[in-house]
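S.K.: Here it is, the structure in full.
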Amino acid sequence: MTLKKKLTKAEKVELLNALESRFNTHKERHEDISFENIAAKLTDKQLAALHNMESTEGEPDVIDFKGDLYFVDCAKESPKGRRSVCYDRAALEARKKYKPENSAVDLAKEIGIDMLTEEDYRHLQQFGDFDLKSSSWVETPSDIRDLGGALFCDKRYNTVFLYHNGADSYYGARGFRGKLKI
């Protein structure tokens, strides 16, 4: 996985084609919105972030969150290129043994996206069944994080669950989902 800060012209064309194909396949996520209008708004920095979302297998697509449009990770399971990460840098540094390669918060910054909140995660579930076999770290309030914990969500039994874990924990089936405001 190679994260990029800038794309070549050919990479931009390839990315936009992939995004448009997904956009057209899942119209239920963004009714009455045209891809041409979305594409025209994207900056080079946003295109690089979208490339990074795509290269980490997030399958970004457009979703309306309370009147604001975002590209959101819509992969059925937590993106494969973002799993086996603890919550943040402090948790990573606190581990004595078996440290993961990265943290969710750091990787989100490297990709150029924001992590989903619990509210975002619940909203996403209106557009499909996500994380039926995996789970995703979500933005954790500082009062929980200050005590060593972090939050994650998944969907089981047709219900979205919010859980807690030590921020330094990591699992092969837990990653994180992100969003990029358009």
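Ordering of the structure tokens sets the chain letters (A, B, ...); residue numbers start at 1 within each chain; ligands are numbered from 1 in the order shown.
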Report as a Markdown table the residues of stretch 51-80 of chain A within 8 Å of stretch 113-133 of chain A, each with its shortest atom pair and distance in Å (one decimal), using only C-alpha atoms, ordered by chain and increasing residue number.
M.R.:
```
| residue | atom | partner | partner_atom | distance |
| --- | --- | --- | --- | --- |
| A:Ile63 | CA | A:Leu124 | CA | 7.9 |
| A:Phe65 | CA | A:Asp120 | CA | 7.6 |
| A:Cys74 | CA | A:Phe130 | CA | 7.6 |
| A:Ala75 | CA | A:Phe130 | CA | 7.3 |
| A:Lys76 | CA | A:Phe130 | CA | 4.8 |
| A:Glu77 | CA | A:Asp131 | CA | 4.5 |
| A:Ser78 | CA | A:Asp131 | CA | 6.0 |
```
S.K.: Just want the 6 Å neighbourhood of A:Ser135, counted on only C-alpha atoms, with same-chain residues fewer than 5 positions away dropped. Output as a list in words.
M.R.: Cys153, Asp154 and Arg174 of chain A
S.K.: Go ahead and write the residues just picked, C-alpha atoms, as a PDB file, in the first residue's frame.
M.R.:
```
ATOM      1  CA  CYS A 153     -18.760  -0.382  16.301  1.00  0.00           C
ATOM      2  CA  ASP A 154     -20.073  -3.273  14.267  1.00  0.00           C
ATOM      3  CA  ARG A 174     -10.851  -4.418  13.333  1.00  0.00           C
TER       4      ARG A 174
END
```
S.K.: Looking at only C-alpha atoms, which of A:Ala167, A:Leu107, A:Ile38, A:Leu147 is the one that sits closest to A:Asp68?
M.R.: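 When distances to A:Asp68 are compared using only C-alpha atoms, the smallest one comes from A:Ile38.
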S.K.: Between A:Ala94, A:Asp73, A:Asp88, A:Phe176, which one has atoms that come closest to A:Asp106, using only C-alpha atoms?
M.R.: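 Looking at the shortest contact to A:Asp106, the residue is A:Asp88.
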S.K.: Would you pick out the contacts of A:Leu19 at 10 Å or less, using only C-alpha atoms, so that residues sharing its chain but fewer than 5 positions from it are not included, and give the list as a ChimeraX atom specification?
M.R.: /A:13-14,24-25,35,39,50-51,54,59-62,71
S.K.: Can those selected residues be exported to a file as an mmCIF file, in the first residue's frame so that it contains all heavy atoms?
M.R.:
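Listing of selection09.cif after writing:
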```cif
data_model
loop_
_atom_site.group_PDB
_atom_site.id
_atom_site.type_symbol
_atom_site.label_atom_id
_atom_site.label_comp_id
_atom_site.auth_asym_id
_atom_site.auth_seq_id
_atom_site.Cartn_x
_atom_site.Cartn_y
_atom_site.Cartn_z
ATOM 1 N N VAL A 13 -7.526 10.223 -13.618
ATOM 2 C CA VAL A 13 -8.531 9.690 -14.539
ATOM 3 C C VAL A 13 -8.991 8.309 -14.079
ATOM 4 O O VAL A 13 -10.188 8.014 -14.017
ATOM 5 C CB VAL A 13 -7.985 9.646 -15.983
ATOM 6 C CG1 VAL A 13 -8.897 8.855 -16.903
ATOM 7 C CG2 VAL A 13 -7.779 11.062 -16.517
ATOM 8 N N GLU A 14 -8.040 7.447 -13.731
ATOM 9 C CA GLU A 14 -8.370 6.098 -13.266
ATOM 10 C C GLU A 14 -9.219 6.145 -11.997
ATOM 11 O O GLU A 14 -10.219 5.426 -11.869
ATOM 12 C CB GLU A 14 -7.078 5.316 -13.010
ATOM 13 C CG GLU A 14 -7.305 3.890 -12.588
ATOM 14 C CD GLU A 14 -6.001 3.133 -12.347
ATOM 15 O OE1 GLU A 14 -4.912 3.631 -12.689
ATOM 16 O OE2 GLU A 14 -6.095 2.027 -11.790
ATOM 17 N N ASN A 24 -22.496 5.297 -9.696
ATOM 18 C CA ASN A 24 -23.629 4.895 -10.545
ATOM 19 C C ASN A 24 -24.229 3.563 -10.123
ATOM 20 O O ASN A 24 -25.415 3.317 -10.327
ATOM 21 C CB ASN A 24 -23.208 4.867 -12.014
ATOM 22 C CG ASN A 24 -22.960 6.258 -12.556
ATOM 23 O OD1 ASN A 24 -23.562 7.227 -12.107
ATOM 24 N ND2 ASN A 24 -22.052 6.358 -13.512
ATOM 25 N N THR A 25 -23.432 2.693 -9.551
ATOM 26 C CA THR A 25 -23.904 1.385 -9.093
ATOM 27 C C THR A 25 -24.753 1.501 -7.830
ATOM 28 O O THR A 25 -25.642 0.682 -7.599
ATOM 29 C CB THR A 25 -22.711 0.446 -8.824
ATOM 30 O OG1 THR A 25 -21.962 0.316 -10.031
ATOM 31 C CG2 THR A 25 -23.144 -0.922 -8.351
ATOM 32 N N PHE A 35 -22.722 12.958 -10.454
ATOM 33 C CA PHE A 35 -21.294 12.741 -10.238
ATOM 34 C C PHE A 35 -20.476 13.870 -10.855
ATOM 35 O O PHE A 35 -19.453 14.257 -10.300
ATOM 36 C CB PHE A 35 -20.836 11.385 -10.802
ATOM 37 C CG PHE A 35 -19.400 11.104 -10.459
ATOM 38 C CD1 PHE A 35 -19.049 10.675 -9.196
ATOM 39 C CD2 PHE A 35 -18.388 11.327 -11.389
ATOM 40 C CE1 PHE A 35 -17.723 10.450 -8.851
ATOM 41 C CE2 PHE A 35 -17.063 11.101 -11.055
ATOM 42 C CZ PHE A 35 -16.730 10.662 -9.786
ATOM 43 N N ALA A 39 -17.444 15.649 -8.992
ATOM 44 C CA ALA A 39 -16.079 15.609 -9.541
ATOM 45 C C ALA A 39 -15.530 17.006 -9.780
ATOM 46 O O ALA A 39 -14.339 17.254 -9.563
ATOM 47 C CB ALA A 39 -16.059 14.790 -10.831
ATOM 48 N N LEU A 50 -8.768 10.530 -1.641
ATOM 49 C CA LEU A 50 -9.652 9.509 -2.203
ATOM 50 C C LEU A 50 -8.861 8.335 -2.773
ATOM 51 O O LEU A 50 -9.260 7.177 -2.625
ATOM 52 C CB LEU A 50 -10.559 10.116 -3.269
ATOM 53 C CG LEU A 50 -11.673 11.005 -2.719
ATOM 54 C CD1 LEU A 50 -12.296 11.841 -3.824
ATOM 55 C CD2 LEU A 50 -12.722 10.164 -2.003
ATOM 56 N N HIS A 51 -7.741 8.638 -3.405
ATOM 57 C CA HIS A 51 -6.860 7.566 -3.891
ATOM 58 C C HIS A 51 -6.408 6.702 -2.718
ATOM 59 O O HIS A 51 -6.398 5.467 -2.797
ATOM 60 C CB HIS A 51 -5.647 8.159 -4.617
ATOM 61 C CG HIS A 51 -4.628 7.138 -4.982
ATOM 62 N ND1 HIS A 51 -3.631 6.740 -4.115
ATOM 63 C CD2 HIS A 51 -4.456 6.412 -6.103
ATOM 64 C CE1 HIS A 51 -2.884 5.817 -4.691
ATOM 65 N NE2 HIS A 51 -3.369 5.602 -5.905
ATOM 66 N N GLU A 54 -9.167 4.538 -1.517
ATOM 67 C CA GLU A 54 -9.354 3.446 -2.481
ATOM 68 C C GLU A 54 -8.235 2.407 -2.351
ATOM 69 O O GLU A 54 -8.497 1.193 -2.336
ATOM 70 C CB GLU A 54 -9.396 4.027 -3.896
ATOM 71 C CG GLU A 54 -9.800 3.071 -4.972
ATOM 72 C CD GLU A 54 -11.282 2.743 -4.977
ATOM 73 O OE1 GLU A 54 -12.108 3.510 -4.475
ATOM 74 O OE2 GLU A 54 -11.606 1.658 -5.511
ATOM 75 N N GLU A 59 -13.331 1.630 -0.569
ATOM 76 C CA GLU A 59 -14.437 1.764 -1.517
ATOM 77 C C GLU A 59 -15.280 3.015 -1.236
ATOM 78 O O GLU A 59 -16.483 2.950 -0.962
ATOM 79 C CB GLU A 59 -15.327 0.507 -1.515
ATOM 80 C CG GLU A 59 -14.560 -0.740 -1.909
ATOM 81 C CD GLU A 59 -15.413 -2.007 -1.878
ATOM 82 O OE1 GLU A 59 -16.664 -1.907 -1.935
ATOM 83 O OE2 GLU A 59 -14.818 -3.092 -1.799
ATOM 84 N N PRO A 60 -14.663 4.204 -1.301
ATOM 85 C CA PRO A 60 -15.389 5.441 -0.978
ATOM 86 C C PRO A 60 -16.522 5.734 -1.948
ATOM 87 O O PRO A 60 -16.407 5.504 -3.149
ATOM 88 C CB PRO A 60 -14.305 6.521 -1.065
ATOM 89 C CG PRO A 60 -13.249 5.949 -1.954
ATOM 90 C CD PRO A 60 -13.281 4.465 -1.712
ATOM 91 N N ASP A 61 -17.626 6.219 -1.384
ATOM 92 C CA ASP A 61 -18.778 6.631 -2.173
ATOM 93 C C ASP A 61 -19.419 7.829 -1.485
ATOM 94 O O ASP A 61 -19.185 8.088 -0.298
ATOM 95 C CB ASP A 61 -19.771 5.486 -2.316
ATOM 96 C CG ASP A 61 -20.728 5.671 -3.488
ATOM 97 O OD1 ASP A 61 -20.582 6.633 -4.268
ATOM 98 O OD2 ASP A 61 -21.641 4.837 -3.626
ATOM 99 N N VAL A 62 -20.262 8.547 -2.218
ATOM 100 C CA VAL A 62 -20.868 9.784 -1.732
ATOM 101 C C VAL A 62 -22.095 9.484 -0.882
ATOM 102 O O VAL A 62 -22.970 8.719 -1.288
ATOM 103 C CB VAL A 62 -21.260 10.695 -2.915
ATOM 104 C CG1 VAL A 62 -21.966 11.949 -2.431
ATOM 105 C CG2 VAL A 62 -20.031 11.054 -3.735
ATOM 106 N N PHE A 71 -17.445 11.793 0.920
ATOM 107 C CA PHE A 71 -17.051 10.466 0.477
ATOM 108 C C PHE A 71 -16.823 9.683 1.757
ATOM 109 O O PHE A 71 -16.102 10.131 2.657
ATOM 110 C CB PHE A 71 -15.768 10.505 -0.366
ATOM 111 C CG PHE A 71 -16.014 10.746 -1.821
ATOM 112 C CD1 PHE A 71 -15.911 12.020 -2.348
ATOM 113 C CD2 PHE A 71 -16.365 9.701 -2.663
ATOM 114 C CE1 PHE A 71 -16.144 12.250 -3.694
ATOM 115 C CE2 PHE A 71 -16.601 9.912 -4.007
ATOM 116 C CZ PHE A 71 -16.492 11.194 -4.527
#
```
